[in-house]
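**Q** Right, I'll just put the structure down here and ask away after.
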Amino acid sequence: MAQATQMNVPEINTPITVDHDKKKRQFTIRLNGSHDRAVLLYEYVGKKTVDLQHTEVPDAYRGRGIAKHLAKAAMDFVVEEDLKAHLTCWYIQKYVKENPQPQYLEHIHPM
């Protein structure tokens, strides 16, 4: 009989706020004001084209919809700045497929 392993899973007690650091080219969410943070990294690959490269959420916080906030912030940024986006990150691809907003779809650069 398999034994269940209990993990100490931190709670998220504060509203989720996405910060955008344009110099570091990343979106971040501080988790519970701690040193833990979720991050989405991007790079400019042309004057008006960004590559949404990687989304990472610490293991203890996965499965809570945190990456969705990063994906939405990144796609909203692409739309607001009238950029084209390469979706290298599999999670961003999944997010856009599940949220096929016309304003997102018209800003996706075909791979």
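In the structure tokens, each chain is lettered A, B, ... as it comes, each chain's residues begin at 1, and ligands are numbered from 1 in order of appearance.
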Enumerate the residues of range 28-103 of chain A with a DSSP assignment of strand (DSSP E), computed from the backbone, and present them as a list in words.
**A**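 Of range 28-103 of chain A, only Thr28, Ile29, Arg30, Arg37, Ala38, Val39, Leu40, Leu41, Tyr42, Glu43, Tyr44, Val45, Gly46, Thr49, Val50, Asp51, Leu52, Gln53, His54, Thr55, Glu56, Lys84, Ala85, His86 and Leu87 of chain A fall in strand (DSSP E).
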**Q** If we count only C-alpha atoms and set the cut-off at 8 Å, which residues sit around Ala71 in chain A, ignoring sequence neighbours fewer than 4 positions away in its own chain? Please answer as a count of residues only.
**A** 6
**Q** With a distance cut-off of 10 Å and only C-alpha atoms, select the neighbouring residues of Val78 in chain A, excluding the residue or stretch itself and same-chain residues fewer than 4 positions from it, and output the selection as a compact mmCIF listing (two decimals) with all heavy atoms, in the first residue's frame.
**A**
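Final file, around12.txt:
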```
# COMPACT_ATOMS: atom_id res chain seq x y z
N LYS A 48 10.60 45.16 -32.63
CA LYS A 48 9.22 45.08 -32.13
C LYS A 48 8.78 43.64 -31.91
O LYS A 48 7.59 43.32 -31.99
CB LYS A 48 8.27 45.76 -33.12
CG LYS A 48 8.50 47.24 -33.34
CD LYS A 48 8.02 48.10 -32.18
CE LYS A 48 6.53 48.30 -32.24
NZ LYS A 48 5.98 49.01 -31.09
N THR A 49 9.75 42.75 -31.64
CA THR A 49 9.43 41.33 -31.45
C THR A 49 10.09 40.82 -30.17
O THR A 49 11.29 41.04 -29.96
CB THR A 49 9.93 40.49 -32.65
OG1 THR A 49 9.40 41.04 -33.85
CG2 THR A 49 9.49 39.04 -32.52
N VAL A 50 9.30 40.17 -29.34
CA VAL A 50 9.83 39.56 -28.12
C VAL A 50 9.65 38.05 -28.18
O VAL A 50 8.74 37.54 -28.82
CB VAL A 50 9.15 40.10 -26.83
CG1 VAL A 50 9.50 41.56 -26.60
CG2 VAL A 50 7.65 39.90 -26.86
N LEU A 52 8.92 35.14 -25.65
CA LEU A 52 8.52 34.77 -24.29
C LEU A 52 9.10 33.39 -24.05
O LEU A 52 8.61 32.39 -24.54
CB LEU A 52 6.99 34.80 -24.18
CG LEU A 52 6.35 36.15 -24.53
CD1 LEU A 52 4.84 36.07 -24.46
CD2 LEU A 52 6.87 37.26 -23.63
N LYS A 72 -0.65 36.18 -18.49
CA LYS A 72 -1.57 37.26 -18.83
C LYS A 72 -0.83 38.61 -18.86
O LYS A 72 -1.00 39.40 -19.79
CB LYS A 72 -2.73 37.33 -17.84
CG LYS A 72 -3.72 38.44 -18.17
CD LYS A 72 -4.83 38.52 -17.16
CE LYS A 72 -5.88 39.56 -17.50
NZ LYS A 72 -5.49 40.77 -18.16
N ALA A 73 0.01 38.86 -17.86
CA ALA A 73 0.76 40.12 -17.81
C ALA A 73 1.66 40.25 -19.04
O ALA A 73 1.76 41.33 -19.65
CB ALA A 73 1.58 40.21 -16.53
N ALA A 74 2.32 39.16 -19.42
CA ALA A 74 3.23 39.20 -20.57
C ALA A 74 2.46 39.44 -21.87
O ALA A 74 2.86 40.27 -22.69
CB ALA A 74 4.02 37.89 -20.66
N ASP A 82 2.21 46.93 -28.70
CA ASP A 82 2.05 46.58 -30.11
C ASP A 82 3.26 45.81 -30.64
O ASP A 82 3.84 46.15 -31.67
CB ASP A 82 1.77 47.82 -30.95
CG ASP A 82 1.21 47.45 -32.33
OD1 ASP A 82 0.63 46.36 -32.46
OD2 ASP A 82 1.39 48.24 -33.27
N LEU A 83 3.64 44.78 -29.90
CA LEU A 83 4.77 43.93 -30.27
C LEU A 83 4.28 42.65 -30.92
O LEU A 83 3.10 42.32 -30.84
CB LEU A 83 5.59 43.57 -29.02
CG LEU A 83 6.13 44.73 -28.19
CD1 LEU A 83 6.71 44.21 -26.89
CD2 LEU A 83 7.17 45.50 -28.98
N LYS A 84 5.19 41.92 -31.53
CA LYS A 84 4.94 40.55 -31.97
C LYS A 84 5.63 39.65 -30.96
O LYS A 84 6.67 40.01 -30.42
CB LYS A 84 5.50 40.30 -33.38
CG LYS A 84 4.75 41.02 -34.47
CD LYS A 84 3.37 40.43 -34.66
CE LYS A 84 2.64 41.10 -35.81
NZ LYS A 84 1.25 40.63 -35.91
N ALA A 85 5.05 38.48 -30.73
CA ALA A 85 5.63 37.57 -29.73
C ALA A 85 5.90 36.19 -30.31
O ALA A 85 5.03 35.62 -30.97
CB ALA A 85 4.69 37.45 -28.53
N GLN A 103 -6.99 39.85 -29.45
CA GLN A 103 -5.85 40.78 -29.35
C GLN A 103 -4.55 40.01 -29.09
O GLN A 103 -3.48 40.47 -29.48
CB GLN A 103 -6.08 41.84 -28.27
CG GLN A 103 -6.09 41.34 -26.84
CD GLN A 103 -7.48 40.94 -26.33
OE1 GLN A 103 -8.34 40.58 -27.12
NE2 GLN A 103 -7.68 40.99 -25.03
N TYR A 104 -4.61 38.84 -28.45
CA TYR A 104 -3.41 38.03 -28.27
C TYR A 104 -3.02 37.38 -29.60
O TYR A 104 -1.86 37.43 -30.01
CB TYR A 104 -3.64 36.93 -27.24
CG TYR A 104 -3.81 37.38 -25.81
CD1 TYR A 104 -4.26 36.50 -24.84
CD2 TYR A 104 -3.53 38.69 -25.41
CE1 TYR A 104 -4.41 36.89 -23.52
CE2 TYR A 104 -3.69 39.09 -24.10
CZ TYR A 104 -4.13 38.18 -23.15
OH TYR A 104 -4.28 38.56 -21.84
N HIS A 107 -1.09 39.21 -32.23
CA HIS A 107 0.28 39.63 -31.86
C HIS A 107 1.26 38.46 -31.79
O HIS A 107 2.41 38.65 -31.42
CB HIS A 107 0.27 40.39 -30.53
CG HIS A 107 -0.26 41.78 -30.69
ND1 HIS A 107 -1.60 42.08 -30.64
CD2 HIS A 107 0.36 42.94 -30.95
CE1 HIS A 107 -1.76 43.37 -30.82
NE2 HIS A 107 -0.59 43.92 -31.02
N ILE A 108 0.79 37.27 -32.13
CA ILE A 108 1.68 36.11 -32.10
C ILE A 108 2.40 36.00 -33.43
O ILE A 108 1.78 35.98 -34.49
CB ILE A 108 0.91 34.82 -31.78
CG1 ILE A 108 0.34 34.92 -30.36
CG2 ILE A 108 1.81 33.61 -31.92
CD1 ILE A 108 -0.61 33.80 -30.01
```
**Q** Rank nothing, just name the residue among A:Ile66, A:Lys22, A:His54, A:Lys94 nearest to Arg37 in chain A, using only C-alpha atoms.
**A**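 Residue with the minimum atom-to-atom distance to Arg37 in chain A: A:Ile66.
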**Q** So which one's closest to His35 in chain A, A:Pro58, A:Gln93, A:Lys23, A:Pro15? Using only C-alpha atoms, please.
**A** A:Pro58
**Q** Using only C-alpha atoms, which of the listed residues (A:Val79, A:Ala60, A:Val96, A:Val39) sits closest to Asp21 in chain A?
**A** A:Val39
**Q** Of the candidates A:Val45, A:Arg64, A:Asp59, A:His69, which shows the shortest atom-to-atom distance to Ile29 in chain A, using only C-alpha atoms?
**A** A:His69
**Q** Just give me the gap between CA of Gly65 in chain A and CA of Asn32 in chain A in Å, one decimal is fine.
**A**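 If I compute the distance from CA of Gly65 in chain A to CA of Asn32 in chain A, I get 14.8 Å.
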**Q** Run DSSP on the backbone of this structure and report the residues of range 43-90 of chain A it assigns to alpha helix (DSSP H), as a list in words.
**A** Ile66, Ala67, Lys68, His69, Leu70, Ala71, Lys72, Ala73, Ala74, Met75, Asp76, Phe77, Val78, Val79, Glu80 and Trp90 of chain A
**Q** Could you take the residues named above and write them with N, CA, C and O atoms, as a PDB file, in the first residue's frame?
**A**
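Now in out.pdb:
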```pdb
ATOM      1  N   ILE A  66      -0.617  30.415 -10.582  1.00  0.00           N
ATOM      2  CA  ILE A  66       0.295  31.557 -10.499  1.00  0.00           C
ATOM      3  C   ILE A  66       0.894  31.886 -11.868  1.00  0.00           C
ATOM      4  O   ILE A  66       0.960  33.049 -12.255  1.00  0.00           O
ATOM      5  N   ALA A  67       1.292  30.866 -12.608  1.00  0.00           N
ATOM      6  CA  ALA A  67       1.887  31.097 -13.931  1.00  0.00           C
ATOM      7  C   ALA A  67       0.897  31.793 -14.862  1.00  0.00           C
ATOM      8  O   ALA A  67       1.292  32.566 -15.732  1.00  0.00           O
ATOM      9  N   LYS A  68      -0.392  31.548 -14.657  1.00  0.00           N
ATOM     10  CA  LYS A  68      -1.426  32.184 -15.476  1.00  0.00           C
ATOM     11  C   LYS A  68      -1.365  33.706 -15.340  1.00  0.00           C
ATOM     12  O   LYS A  68      -1.532  34.431 -16.317  1.00  0.00           O
ATOM     13  N   HIS A  69      -1.080  34.207 -14.131  1.00  0.00           N
ATOM     14  CA  HIS A  69      -0.960  35.650 -13.920  1.00  0.00           C
ATOM     15  C   HIS A  69       0.241  36.215 -14.679  1.00  0.00           C
ATOM     16  O   HIS A  69       0.178  37.309 -15.239  1.00  0.00           O
ATOM     17  N   LEU A  70       1.352  35.458 -14.685  1.00  0.00           N
ATOM     18  CA  LEU A  70       2.540  35.888 -15.434  1.00  0.00           C
ATOM     19  C   LEU A  70       2.248  35.904 -16.932  1.00  0.00           C
ATOM     20  O   LEU A  70       2.607  36.859 -17.631  1.00  0.00           O
ATOM     21  N   ALA A  71       1.595  34.858 -17.416  1.00  0.00           N
ATOM     22  CA  ALA A  71       1.286  34.749 -18.843  1.00  0.00           C
ATOM     23  C   ALA A  71       0.372  35.891 -19.284  1.00  0.00           C
ATOM     24  O   ALA A  71       0.594  36.511 -20.326  1.00  0.00           O
ATOM     25  N   LYS A  72      -0.647  36.182 -18.489  1.00  0.00           N
ATOM     26  CA  LYS A  72      -1.572  37.264 -18.826  1.00  0.00           C
ATOM     27  C   LYS A  72      -0.834  38.610 -18.857  1.00  0.00           C
ATOM     28  O   LYS A  72      -0.999  39.398 -19.789  1.00  0.00           O
ATOM     29  N   ALA A  73       0.005  38.863 -17.860  1.00  0.00           N
ATOM     30  CA  ALA A  73       0.756  40.124 -17.814  1.00  0.00           C
ATOM     31  C   ALA A  73       1.664  40.254 -19.040  1.00  0.00           C
ATOM     32  O   ALA A  73       1.757  41.328 -19.646  1.00  0.00           O
ATOM     33  N   ALA A  74       2.323  39.162 -19.418  1.00  0.00           N
ATOM     34  CA  ALA A  74       3.226  39.196 -20.571  1.00  0.00           C
ATOM     35  C   ALA A  74       2.457  39.443 -21.866  1.00  0.00           C
ATOM     36  O   ALA A  74       2.859  40.267 -22.692  1.00  0.00           O
ATOM     37  N   MET A  75       1.330  38.745 -22.031  1.00  0.00           N
ATOM     38  CA  MET A  75       0.553  38.932 -23.258  1.00  0.00           C
ATOM     39  C   MET A  75      -0.081  40.324 -23.300  1.00  0.00           C
ATOM     40  O   MET A  75      -0.137  40.943 -24.359  1.00  0.00           O
ATOM     41  N   ASP A  76      -0.518  40.832 -22.154  1.00  0.00           N
ATOM     42  CA  ASP A  76      -1.060  42.195 -22.118  1.00  0.00           C
ATOM     43  C   ASP A  76       0.018  43.217 -22.489  1.00  0.00           C
ATOM     44  O   ASP A  76      -0.250  44.186 -23.203  1.00  0.00           O
ATOM     45  N   PHE A  77       1.240  42.991 -22.023  1.00  0.00           N
ATOM     46  CA  PHE A  77       2.374  43.855 -22.370  1.00  0.00           C
ATOM     47  C   PHE A  77       2.614  43.840 -23.883  1.00  0.00           C
ATOM     48  O   PHE A  77       2.789  44.893 -24.508  1.00  0.00           O
ATOM     49  N   VAL A  78       2.598  42.655 -24.475  1.00  0.00           N
ATOM     50  CA  VAL A  78       2.804  42.521 -25.926  1.00  0.00           C
ATOM     51  C   VAL A  78       1.748  43.329 -26.684  1.00  0.00           C
ATOM     52  O   VAL A  78       2.063  44.062 -27.623  1.00  0.00           O
ATOM     53  N   VAL A  79       0.495  43.221 -26.243  1.00  0.00           N
ATOM     54  CA  VAL A  79      -0.600  43.945 -26.905  1.00  0.00           C
ATOM     55  C   VAL A  79      -0.452  45.456 -26.698  1.00  0.00           C
ATOM     56  O   VAL A  79      -0.534  46.231 -27.658  1.00  0.00           O
ATOM     57  N   GLU A  80      -0.219  45.871 -25.442  1.00  0.00           N
ATOM     58  CA  GLU A  80      -0.115  47.308 -25.132  1.00  0.00           C
ATOM     59  C   GLU A  80       1.021  47.991 -25.884  1.00  0.00           C
ATOM     60  O   GLU A  80       0.910  49.139 -26.295  1.00  0.00           O
ATOM     61  N   TRP A  90       6.438  26.724 -23.353  1.00  0.00           N
ATOM     62  CA  TRP A  90       5.273  25.851 -23.556  1.00  0.00           C
ATOM     63  C   TRP A  90       4.073  26.333 -22.750  1.00  0.00           C
ATOM     64  O   TRP A  90       2.937  26.206 -23.196  1.00  0.00           O
TER      65      TRP A  90
END
```
**Q** Expressed in Å to a single decimal, how great is the separation between CA of His86 in chain A and CA of Arg30 in chain A?
**A** 25.5 Å
